[in-house]
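Novice: Got a structure for you, query-v6.pdb, holding PDB, C-alpha atoms.
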ATOM      1  CA  MET A   9       0.000   0.000   0.000
ATOM      2  CA  GLU A  10       1.509   3.263  -1.130
ATOM      3  CA  ILE A  11       1.264   6.092   1.353
ATOM      4  CA  THR A  12       0.749   9.087  -0.884
ATOM      5  CA  ASN A  13       1.290  12.688   0.054
ATOM      6  CA  GLU A  14      -2.498  13.119   0.093
ATOM      7  CA  ILE A  15      -2.801  10.375   2.689
ATOM      8  CA  LYS A  16      -0.016  11.915   4.754
ATOM      9  CA  ALA A  17      -1.749  15.313   4.690
ATOM     10  CA  LYS A  18      -5.030  13.738   5.775
ATOM     11  CA  VAL A  19      -3.328  11.900   8.618
ATOM     12  CA  PHE A  20      -1.558  15.068   9.770
ATOM     13  CA  ALA A  21      -4.918  16.848   9.667
ATOM     14  CA  GLN A  22      -6.246  14.254  12.123
ATOM     15  CA  TYR A  23      -3.846  15.726  14.655
ATOM     16  CA  LEU A  24      -4.385  19.414  13.996
ATOM     17  CA  GLY A  25      -3.508  21.307  17.155
ATOM     18  CA  GLN A  26      -0.808  18.882  18.309
ATOM     19  CA  MET A  27       2.887  19.669  18.507
ATOM     20  CA  ILE A  28       5.247  19.155  15.611
ATOM     21  CA  GLU A  29       8.961  19.133  14.957
ATOM     22  CA  LEU A  30      10.657  20.091  11.738
ATOM     23  CA  ASP A  31      14.088  19.300  10.391
ATOM     24  CA  ASN A  32      14.228  21.173   7.117
ATOM     25  CA  SER A  33      17.691  21.283   5.563
ATOM     26  CA  GLY A  34      19.351  21.603   8.913
ATOM     27  CA  SER A  35      16.852  24.107  10.258
ATOM     28  CA  LYS A  36      15.370  22.416  13.297
ATOM     29  CA  VAL A  37      12.196  23.526  14.980
ATOM     30  CA  ARG A  38      10.580  21.653  17.839
ATOM     31  CA  ASN A  39       7.472  21.970  19.972
ATOM     32  CA  ARG A  40       5.453  24.170  17.681
ATOM     33  CA  LYS A  41       1.730  23.775  17.384
ATOM     34  CA  LEU A  42       0.429  22.473  14.068
ATOM     35  CA  ILE A  43      -2.262  24.940  13.075
ATOM     36  CA  SER A  44      -2.687  24.373   9.367
ATOM     37  CA  VAL A  45      -2.426  21.460   6.935
ATOM     38  CA  GLY A  46      -2.642  21.582   3.157
ATOM     39  CA  GLY A  47      -0.927  20.500   0.012
ATOM     40  CA  ILE A  48      -2.945  17.337  -0.520
ATOM     41  CA  ASP A  49      -2.503  17.634  -4.293
ATOM     42  CA  ASP A  50       1.229  18.030  -4.172
ATOM     43  CA  GLU A  51       3.179  14.878  -4.875
ATOM     44  CA  GLU A  52       6.118  15.836  -2.718
ATOM     45  CA  TYR A  53       5.469  18.647  -0.275
ATOM     46  CA  LEU A  54       3.067  19.148   2.580
ATOM     47  CA  LYS A  55       2.007  22.682   3.385
ATOM     48  CA  LEU A  56       2.028  23.244   7.102
ATOM     49  CA  ARG A  57       1.713  26.254   9.325
ATOM     50  CA  MET A  58       3.208  26.216  12.756
ATOM     51  CA  GLY A  59       2.306  28.563  15.522
ATOM     52  CA  GLU A  60       2.624  29.596  19.105
ATOM     53  CA  ALA A  61       6.275  30.531  19.177
ATOM     54  CA  LYS A  62       7.557  33.626  20.916
ATOM     55  CA  ASP A  63       5.474  36.726  20.273
ATOM     56  CA  GLY A  64       2.776  34.639  18.602
ATOM     57  CA  PHE A  65       4.966  34.176  15.543
ATOM     58  CA  THR A  66       3.675  31.687  12.991
ATOM     59  CA  HIS A  67       5.018  30.654   9.662
ATOM     60  CA  VAL A  68       4.077  28.524   6.702
ATOM     61  CA  CYS A  69       6.464  25.951   5.359
ATOM     62  CA  PHE A  70       6.458  23.476   2.528
ATOM     63  CA  VAL A  71       8.156  20.330   3.684
ATOM     64  CA  LYS A  72       8.663  16.774   2.609
ATOM     65  CA  SER A  73       6.937  14.410   4.953
ATOM     66  CA  ASN A  74      10.206  12.945   6.157
ATOM     67  CA  GLU A  75      11.264  16.400   7.324
ATOM     68  CA  CYS A  76       8.389  16.927   9.726
ATOM     69  CA  LYS A  77       7.067  14.719  12.449
ATOM     70  CA  LEU A  78       4.220  15.046  14.874
ATOM     71  CA  ILE A  79       5.208  14.751  18.512
ATOM     72  CA  LEU A  80       2.828  12.159  19.870
ATOM     73  CA  LYS A  81       2.601   9.862  22.853
ATOM     74  CA  ASN A  82       2.913   6.114  22.850
ATOM     75  CA  ILE A  83      -0.384   4.528  23.879
ATOM     76  CA  SER A  84       1.628   2.311  26.229
ATOM     77  CA  ASP A  85       2.550   5.420  28.197
ATOM     78  CA  ILE A  86      -1.025   6.485  28.843
ATOM     79  CA  THR A  87      -1.417   8.299  32.133
ATOM     80  CA  ASN A  88      -3.740   7.096  34.877
ATOM     81  CA  GLU A  89      -5.802  10.254  34.499
ATOM     82  CA  TYR A  90      -6.433   9.624  30.817
ATOM     83  CA  ALA A  91      -6.961   5.895  31.335
ATOM     84  CA  ILE A  92      -9.696   6.575  33.873
ATOM     85  CA  GLU A  93     -11.353   9.171  31.644
ATOM     86  CA  PHE A  94     -11.127   6.746  28.759
ATOM     87  CA  THR A  95     -12.770   4.007  30.764
ATOM     88  CA  LYS A  96     -15.548   6.328  31.890
ATOM     89  CA  LEU A  97     -16.298   7.023  28.254
ATOM     90  CA  GLN A  98     -16.451   3.298  27.626
ATOM     91  CA  GLN A  99     -18.800   2.848  30.552
ATOM     92  CA  GLU A 100     -21.090   5.593  29.340
ATOM     93  CA  GLY A 101     -21.100   3.908  25.968
ATOM     94  CA  ILE A 102     -22.419   0.661  27.379
ATOM     95  CA  GLY A 103     -24.826   2.299  29.757
ATOM     96  CA  LYS A 104     -23.223   1.304  33.049
ATOM     97  CA  ASN A 105     -23.280   3.453  36.118
ATOM     98  CA  ILE A 106     -19.790   4.817  36.493
ATOM     99  CA  GLU A 107     -20.043   5.425  40.223
ATOM    100  CA  ASN A 108     -17.913   3.353  42.572
ATOM    101  CA  ILE A 109     -15.991   1.452  39.966
ATOM    102  CA  LYS A 110     -12.398   0.352  40.302
ATOM    103  CA  ILE A 111     -10.267   0.003  37.271
ATOM    104  CA  GLY A 112      -7.325  -2.194  36.449
ATOM    105  CA  PHE A 113      -5.760  -1.416  33.178
ATOM    106  CA  HIS A 114      -3.144  -2.511  30.704
ATOM    107  CA  ILE A 115      -2.364  -2.263  27.035
ATOM    108  CA  ASP A 116      -2.833  -5.301  24.832
ATOM    109  CA  GLU A 117       0.339  -5.015  22.788
ATOM    110  CA  LYS A 118      -0.626  -7.945  20.592
ATOM    111  CA  ASN A 119      -3.844  -6.271  19.588
ATOM    112  CA  ASN A 120      -2.678  -2.982  18.157
ATOM    113  CA  GLY A 121      -2.434  -1.330  21.520
ATOM    114  CA  CYS A 122      -6.071  -1.867  22.425
ATOM    115  CA  LEU A 123      -6.970  -1.245  26.000
ATOM    116  CA  ASP A 124      -7.680  -4.197  28.213
ATOM    117  CA  CYS A 125      -9.521  -3.369  31.398
ATOM    118  CA  ILE A 126     -10.493  -5.222  34.514
ATOM    119  CA  ILE A 127     -13.306  -3.386  36.192
ATOM    120  CA  GLU A 128     -15.007  -3.836  39.516
ATOM    121  CA  TRP A 129     -18.533  -2.699  40.071
ATOM    122  CA  ASP A 130     -21.470  -3.892  42.134
ATOM    123  CA  GLY A 131     -18.991  -5.762  44.279
ATOM    124  CA  TYR A 132     -17.841  -8.008  41.457
ATOM    125  CA  SER A 133     -14.685  -8.064  39.401
ATOM    126  CA  HIS A 134     -15.297  -8.164  35.699
ATOM    127  CA  ASP A 135     -12.504  -9.326  33.476
ATOM    128  CA  TYR A 136     -13.823  -7.207  30.760
ATOM    129  CA  TRP A 137     -12.423  -6.546  27.344
ATOM    130  CA  GLN A 138     -13.317  -3.095  26.084
ATOM    131  CA  PRO A 139     -13.706  -2.236  22.436
ATOM    132  CA  VAL A 140     -12.295   1.137  21.533
ATOM    133  CA  TYR A 141     -15.480   2.576  20.124
ATOM    134  CA  SER A 142     -15.340   5.986  18.627
ATOM    135  CA  PRO A 143     -15.665   8.515  21.481
ATOM    136  CA  SER A 144     -12.890   6.953  23.490
ATOM    137  CA  PHE A 145     -10.689   6.615  20.438
ATOM    138  CA  GLN A 146     -11.310  10.286  19.657
ATOM    139  CA  TYR A 147     -10.457  11.147  23.235
ATOM    140  CA  LEU A 148      -7.077   9.445  22.961
ATOM    141  CA  GLN A 149      -6.407  11.081  19.609
ATOM    142  CA  SER A 150      -7.307  14.528  20.949
ATOM    143  CA  LYS A 151      -4.824  13.973  23.759
ATOM    144  CA  GLY A 152      -2.056  13.287  21.257
ATOM    145  CA  TYR A 153      -1.748   9.514  21.474
ATOM    146  CA  ASP A 154      -0.419   7.720  18.420
ATOM    147  CA  LEU A 155      -3.129   5.417  17.098
ATOM    148  CA  PRO A 156      -3.282   3.027  14.141
ATOM    149  CA  GLN A 157      -4.702   4.640  11.026
ATOM    150  CA  TYR A 158      -6.876   3.007   8.382
ATOM    151  CA  LEU A 159      -5.256   5.232   5.749
ATOM    152  CA  LEU A 160      -1.812   3.986   6.807
ATOM    153  CA  GLY A 161      -2.801   0.367   6.399
ATOM    154  CA  GLY A 162      -3.286  -0.059  10.113
ATOM    155  CA  LYS A 163       0.096   1.253  11.135
ATOM    156  CA  THR A 164       0.637   4.075  13.584
ATOM    157  CA  LEU A 165       2.167   7.385  12.523
ATOM    158  CA  GLN A 166       5.355   6.525  14.371
ATOM    159  CA  GLU A 167       5.649   3.243  12.503
ATOM    160  CA  CYS A 168       5.353   5.160   9.224
ATOM    161  CA  GLY A 169       7.931   7.757  10.191
ATOM    162  CA  LEU A 170       5.355  10.520  10.543
ATOM    163  CA  ALA A 171       5.657  10.917  14.304
ATOM    164  CA  VAL A 172       8.119  10.676  17.145
ATOM    165  CA  TYR A 173       7.428  10.019  20.802
TER     166      TYR A 173
ATOM    167  CA  MET B  11     -17.653  21.816  26.960
ATOM    168  CA  GLU B  12     -17.584  24.942  24.833
ATOM    169  CA  LEU B  13     -17.339  24.434  21.100
ATOM    170  CA  THR B  14     -14.453  26.776  20.501
ATOM    171  CA  ASN B  15     -13.291  27.838  17.092
ATOM    172  CA  GLU B  16     -10.276  25.568  17.509
ATOM    173  CA  ILE B  17     -12.454  22.565  18.251
ATOM    174  CA  LYS B  18     -14.576  23.256  15.194
ATOM    175  CA  ALA B  19     -11.499  23.597  12.978
ATOM    176  CA  THR B  20      -9.979  20.441  14.443
ATOM    177  CA  VAL B  21     -13.080  18.403  13.635
ATOM    178  CA  LEU B  22     -13.465  19.928  10.164
ATOM    179  CA  GLY B  23      -9.798  19.154   9.520
ATOM    180  CA  GLN B  24     -10.466  15.468   9.971
ATOM    181  CA  TYR B  25     -12.501  15.628   6.768
ATOM    182  CA  LEU B  26      -9.712  17.127   4.654
ATOM    183  CA  GLY B  27     -10.395  16.268   1.007
ATOM    184  CA  GLN B  28     -14.199  16.252   1.340
ATOM    185  CA  GLN B  29     -16.539  18.787  -0.242
ATOM    186  CA  MET B  30     -17.277  22.000   1.625
ATOM    187  CA  GLN B  31     -19.327  25.078   0.924
ATOM    188  CA  THR B  32     -18.990  28.550   2.308
ATOM    189  CA  THR B  33     -20.155  32.039   1.576
ATOM    190  CA  THR B  34     -17.585  34.117  -0.216
ATOM    191  CA  ARG B  35     -15.891  36.761   1.785
ATOM    192  CA  GLN B  36     -17.283  39.596  -0.291
ATOM    193  CA  SER B  37     -20.824  38.593   0.503
ATOM    194  CA  GLN B  38     -20.110  38.652   4.223
ATOM    195  CA  GLY B  39     -20.158  42.441   4.026
ATOM    196  CA  GLU B  40     -23.383  44.377   4.317
ATOM    197  CA  GLY B  41     -25.452  45.025   1.242
ATOM    198  CA  LEU B  42     -23.679  42.600  -1.047
ATOM    199  CA  PRO B  43     -25.426  39.588  -2.563
ATOM    200  CA  SER B  44     -24.628  36.218  -1.111
ATOM    201  CA  LYS B  45     -22.438  33.995  -3.213
ATOM    202  CA  LYS B  46     -21.774  30.395  -2.328
ATOM    203  CA  LEU B  47     -18.444  28.766  -3.043
ATOM    204  CA  LYS B  48     -18.372  24.996  -3.111
ATOM    205  CA  GLY B  49     -15.368  22.770  -3.632
ATOM    206  CA  GLN B  50     -12.967  20.222  -2.242
ATOM    207  CA  LEU B  51     -11.451  21.162   1.104
ATOM    208  CA  LYS B  52      -7.760  21.379   0.255
ATOM    209  CA  GLU B  53      -6.418  23.188   3.269
ATOM    210  CA  ILE B  54      -7.600  23.910   6.791
ATOM    211  CA  ASP B  55      -6.260  26.342   9.321
ATOM    212  CA  ILE B  56      -7.249  26.704  12.950
ATOM    213  CA  GLY B  57      -7.114  30.410  12.288
ATOM    214  CA  MET B  58      -5.645  33.424  13.940
ATOM    215  CA  VAL B  59      -8.800  35.480  14.160
ATOM    216  CA  ASP B  60     -11.606  34.648  16.538
ATOM    217  CA  SER B  61     -14.657  33.123  14.826
ATOM    218  CA  PHE B  62     -12.778  32.566  11.580
ATOM    219  CA  ILE B  63     -10.967  29.586  10.127
ATOM    220  CA  GLY B  64      -8.747  29.474   7.094
ATOM    221  CA  VAL B  65      -9.811  27.186   4.289
ATOM    222  CA  LEU B  66      -8.841  26.619   0.704
ATOM    223  CA  LEU B  67     -11.554  25.231  -1.551
ATOM    224  CA  GLU B  68     -11.186  24.194  -5.163
ATOM    225  CA  ASN B  69     -13.624  23.137  -7.821
ATOM    226  CA  GLU B  70     -13.613  23.064 -11.617
ATOM    227  CA  THR B  71     -14.355  26.751 -12.020
ATOM    228  CA  ASP B  72     -13.152  28.390  -8.844
ATOM    229  CA  VAL B  73      -9.758  28.181  -7.255
ATOM    230  CA  SER B  74      -9.852  30.101  -4.037
ATOM    231  CA  ASN B  75      -6.945  31.515  -2.181
ATOM    232  CA  HIS B  76      -6.385  30.372   1.343
ATOM    233  CA  THR B  77      -8.766  32.772   3.018
ATOM    234  CA  ASN B  78     -10.293  33.240   6.409
ATOM    235  CA  TYR B  79     -13.991  32.510   6.452
ATOM    236  CA  ASN B  80     -16.502  32.918   9.196
ATOM    237  CA  THR B  81     -16.600  29.509  10.839
ATOM    238  CA  ASP B  82     -20.386  29.538  10.931
ATOM    239  CA  GLN B  83     -20.451  29.866   7.146
ATOM    240  CA  CYS B  84     -18.258  26.816   6.509
ATOM    241  CA  LYS B  85     -20.264  23.637   6.036
ATOM    242  CA  LEU B  86     -18.871  20.292   5.022
ATOM    243  CA  ILE B  87     -21.068  18.416   2.570
ATOM    244  CA  LEU B  88     -21.428  14.982   4.099
ATOM    245  CA  LYS B  89     -23.689  11.953   3.949
ATOM    246  CA  PRO B  90     -25.863  10.692   6.804
ATOM    247  CA  LEU B  91     -24.800   7.293   8.080
ATOM    248  CA  SER B  92     -28.343   6.053   7.445
ATOM    249  CA  ASP B  93     -27.709   6.472   3.714
ATOM    250  CA  ILE B  94     -24.672   4.204   3.648
ATOM    251  CA  THR B  95     -24.247   2.519   0.276
ATOM    252  CA  ASP B  96     -24.127  -1.225  -0.177
ATOM    253  CA  GLU B  97     -20.534  -0.901  -1.344
ATOM    254  CA  ASP B  98     -19.456   0.908   1.809
ATOM    255  CA  ALA B  99     -21.478  -1.455   4.005
ATOM    256  CA  LEU B 100     -19.671  -4.337   2.334
ATOM    257  CA  GLU B 101     -16.308  -2.831   3.204
ATOM    258  CA  VAL B 102     -17.435  -2.469   6.822
ATOM    259  CA  ALA B 103     -18.401  -6.151   6.741
ATOM    260  CA  ASN B 104     -14.974  -6.986   5.379
ATOM    261  CA  ILE B 105     -13.357  -5.095   8.260
ATOM    262  CA  CYS B 106     -15.524  -7.220  10.565
ATOM    263  CA  ARG B 107     -14.193 -10.364   8.836
ATOM    264  CA  TRP B 108     -17.657 -11.618   7.974
ATOM    265  CA  ASN B 109     -16.355 -13.337   4.877
ATOM    266  CA  HIS B 110     -18.217 -16.554   5.676
ATOM    267  CA  LEU B 111     -21.549 -14.841   5.007
ATOM    268  CA  MET B 112     -23.243 -14.284   1.660
ATOM    269  CA  GLU B 113     -22.713 -10.820   0.263
ATOM    270  CA  SER B 114     -26.337  -9.792   0.791
ATOM    271  CA  SER B 115     -26.159 -10.902   4.431
ATOM    272  CA  ARG B 116     -22.910  -9.039   4.961
ATOM    273  CA  ILE B 117     -24.515  -5.826   3.722
ATOM    274  CA  VAL B 118     -27.615  -6.247   5.918
ATOM    275  CA  GLN B 119     -25.585  -7.066   9.020
ATOM    276  CA  ALA B 120     -23.181  -4.185   8.481
ATOM    277  CA  LYS B 121     -26.062  -1.731   8.183
ATOM    278  CA  GLU B 122     -27.622  -3.179  11.305
ATOM    279  CA  LEU B 123     -24.325  -2.856  13.162
ATOM    280  CA  LEU B 124     -23.966   0.793  12.188
ATOM    281  CA  GLY B 125     -27.557   1.426  13.220
ATOM    282  CA  ARG B 126     -26.496   0.754  16.797
ATOM    283  CA  PHE B 127     -23.071   2.258  16.407
ATOM    284  CA  TRP B 128     -23.176   4.151  19.677
ATOM    285  CA  ASN B 129     -24.792   1.564  21.890
ATOM    286  CA  GLY B 130     -23.917  -1.839  23.112
ATOM    287  CA  GLN B 131     -20.861  -3.831  22.279
ATOM    288  CA  THR B 132     -19.874  -6.408  19.802
ATOM    289  CA  ASN B 133     -17.138  -8.942  19.566
ATOM    290  CA  LEU B 134     -15.182  -6.531  17.421
ATOM    291  CA  SER B 135     -11.740  -5.514  18.551
ATOM    292  CA  GLY B 136     -10.824  -1.954  19.335
ATOM    293  CA  TRP B 137      -8.787  -1.797  16.175
ATOM    294  CA  ASP B 138     -11.795  -2.985  14.139
ATOM    295  CA  TRP B 139     -13.855  -0.101  15.515
ATOM    296  CA  ILE B 140     -11.144   2.431  14.752
ATOM    297  CA  LYS B 141     -10.871   1.117  11.210
ATOM    298  CA  ILE B 142     -14.621   1.279  10.693
ATOM    299  CA  TYR B 143     -14.799   4.833  12.005
ATOM    300  CA  GLN B 144     -11.842   6.038   9.972
ATOM    301  CA  TYR B 145     -13.118   4.296   6.841
ATOM    302  CA  LEU B 146     -16.559   5.921   7.136
ATOM    303  CA  GLN B 147     -14.972   9.286   7.827
ATOM    304  CA  SER B 148     -12.771   8.969   4.735
ATOM    305  CA  LYS B 149     -15.914   8.282   2.693
ATOM    306  CA  GLY B 150     -17.566  11.466   3.893
ATOM    307  CA  TYR B 151     -20.145  10.130   6.334
ATOM    308  CA  ASP B 152     -21.315  12.402   9.125
ATOM    309  CA  LEU B 153     -20.286  10.818  12.419
ATOM    310  CA  PRO B 154     -20.602  11.810  16.060
ATOM    311  CA  HIS B 155     -17.492  13.314  17.550
ATOM    312  CA  LEU B 156     -16.413  13.483  21.152
ATOM    313  CA  LEU B 157     -15.177  17.059  20.729
ATOM    314  CA  LEU B 158     -18.699  17.994  19.614
ATOM    315  CA  LYS B 159     -20.190  16.450  22.744
ATOM    316  CA  SER B 160     -20.797  13.293  20.712
ATOM    317  CA  LYS B 161     -23.058  15.126  18.297
ATOM    318  CA  THR B 162     -22.539  14.863  14.566
ATOM    319  CA  LEU B 163     -21.163  17.735  12.518
ATOM    320  CA  GLN B 164     -24.563  18.299  10.925
ATOM    321  CA  GLU B 165     -26.178  18.540  14.352
ATOM    322  CA  CYS B 166     -23.632  21.209  15.300
ATOM    323  CA  GLY B 167     -24.121  23.227  12.119
ATOM    324  CA  LEU B 168     -20.714  22.285  10.718
ATOM    325  CA  ALA B 169     -22.084  20.171   7.886
ATOM    326  CA  ILE B 170     -25.020  19.812   5.556
ATOM    327  CA  TYR B 171     -26.122  16.691   3.761
ATOM    328  CA  GLU B 172     -25.690  16.246   0.037
ATOM    329  CA  GLN B 173     -29.392  16.409  -0.689
ATOM    330  CA  ASP B 174     -29.988  19.538   1.443
TER     331      ASP B 174
END
How does the structure come out when it is put into structure tokens?

Specialist:
Amino acid sequence: MEITNEIKAKVFAQYLGQMIELDNSGSKVRNRKLISVGGIDDEEYLKLRMGEAKDGFTHVCFVKSNECKLILKNISDITNEYAIEFTKLQQEGIGKNIENIKIGFHIDEKNNGCLDCIIEWDGYSHDYWQPVYSPSFQYLQSKGYDLPQYLLGGKTLQECGLAVY
Amino acid sequence: MELTNEIKATVLGQYLGQQMQTTTRQSQGEGLPSKKLKGQLKEIDIGMVDSFIGVLLENETDVSNHTNYNTDQCKLILKPLSDITDEDALEVANICRWNHLMESSRIVQAKELLGRFWNGQTNLSGWDWIKIYQYLQSKGYDLPHLLLKSKTLQECGLAIYEQD
């Protein structure tokens, strides 16, 4: 499966608002917010705009995809705070009362980083596998976690060289 | 959760490459006739001015510059999930690995699955769900989004449907 520039632009657009680093002919920029994505017709260059530097300075750059990488987080490094919020979203999705639940949590590395939860409620422990249905997946993406992408043939951005951790 | 301009731009950006319509900047002034511009969303910008986002739209007759438009005027042209085509339903069934079923059954079951997209659970893996969501999004279907309080773009005034 060829990963075209159009696909790369669309994947970058999924993470609009996240941080980015740029290594463009020796000019390195890091920790700038990605505020614009374009250039989906171009065969070689992405058009990006980066913002939130000193004095609100922003600039547009045309870069090859191997010169810019999103700065994302490995799903294996998910924080407890986000894991709990994620699980609450799952619970809301299946209509369970989210009061007084206890959560055990780990990443299923063999299953594309899906989240495997053990939850206690109503006094019982439920060894409970949780599907990552959309709201929780969107939550993780909005928090800058690197997730597998359909457009990348199921690989994560980091695996395709489009992101660093 | 407030639907800030940045949230709206972030969600719209996830549909890069889809059709969008807006009102041209000239017609946003007083006393000028309204003129709609419709084309493929080629570029999206969170924007530097409150209540505006930057977009670049292109169609066969108009090539716009990257211009700031009032966010409320920018509407993606999407399809309701209830109008999913048999072809797209079949791809969803393929993601679900229902290859043992007849094609007609795969289509029916996929449509039924999507009809209860936001409730209940299935034996699908998390990765299956992500693939289904991303596939439908890439095909221009209007889907609920967490950043929109789990409403769809159309429900939040960020999209219209093709037949509207």

Novice: Identify which of the residues B:Leu157, B:Ala99, B:Cys166, B:Ile54 lies closest to Leu123 (chain B), counting all atoms listed in the file when measuring atom-to-atom distances.

Specialist: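 Looking at the shortest contact to Leu123 (chain B), the residue is B:Ala99.
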
Novice: Run the PyMOL selection byres ((chain A and resi 171) around 7) against the file shown and list the residues it catches, as a list in words.

Specialist: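 With the shown file as input, the PyMOL selection byres ((chain A and resi 171) around 7) matches Lys77, Leu78, Ile79, Leu80, Leu165, Gln166, Gly169, Leu170, Val172 and Tyr173 of chain A.
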
Novice: Within 8 Å of Gln147 (chain B), counting only C-alpha atoms, which residues show up once you throw out same-chain ones fewer than 6 positions away? Write them as a list in words, please.

Specialist: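 Non-adjacent residues within range: Gln24, Tyr25 and Leu153 of chain B.
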
Novice: Which of these, A:Gln26, A:Thr87, A:Ser44, A:Gln157, has the shortest distance to chain B once you count only C-alpha atoms?

Specialist: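 Of A:Gln26, A:Thr87, A:Ser44, A:Gln157, the one nearest chain B, counting only C-alpha atoms, is A:Ser44.
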
Novice: If the PyMOL selection byres ((chain A and resi 54) around 9) were run on this exact file, what residues would it hold? Put them as a PDB file with C-alpha atoms, in the frame of the given file.

Specialist:
ATOM      1  CA  ASN A  13       1.290  12.688   0.054  1.00  0.00           C
ATOM      2  CA  GLU A  14      -2.498  13.119   0.093  1.00  0.00           C
ATOM      3  CA  LYS A  16      -0.016  11.915   4.754  1.00  0.00           C
ATOM      4  CA  ALA A  17      -1.749  15.313   4.690  1.00  0.00           C
ATOM      5  CA  VAL A  45      -2.426  21.460   6.935  1.00  0.00           C
ATOM      6  CA  GLY A  46      -2.642  21.582   3.157  1.00  0.00           C
ATOM      7  CA  GLY A  47      -0.927  20.500   0.012  1.00  0.00           C
ATOM      8  CA  ILE A  48      -2.945  17.337  -0.520  1.00  0.00           C
ATOM      9  CA  ASP A  49      -2.503  17.634  -4.293  1.00  0.00           C
ATOM     10  CA  ASP A  50       1.229  18.030  -4.172  1.00  0.00           C
ATOM     11  CA  GLU A  51       3.179  14.878  -4.875  1.00  0.00           C
ATOM     12  CA  GLU A  52       6.118  15.836  -2.718  1.00  0.00           C
ATOM     13  CA  TYR A  53       5.469  18.647  -0.275  1.00  0.00           C
ATOM     14  CA  LYS A  55       2.007  22.682   3.385  1.00  0.00           C
ATOM     15  CA  LEU A  56       2.028  23.244   7.102  1.00  0.00           C
ATOM     16  CA  CYS A  69       6.464  25.951   5.359  1.00  0.00           C
ATOM     17  CA  PHE A  70       6.458  23.476   2.528  1.00  0.00           C
ATOM     18  CA  VAL A  71       8.156  20.330   3.684  1.00  0.00           C
ATOM     19  CA  LYS A  72       8.663  16.774   2.609  1.00  0.00           C
ATOM     20  CA  SER A  73       6.937  14.410   4.953  1.00  0.00           C
TER      21      SER A  73
END
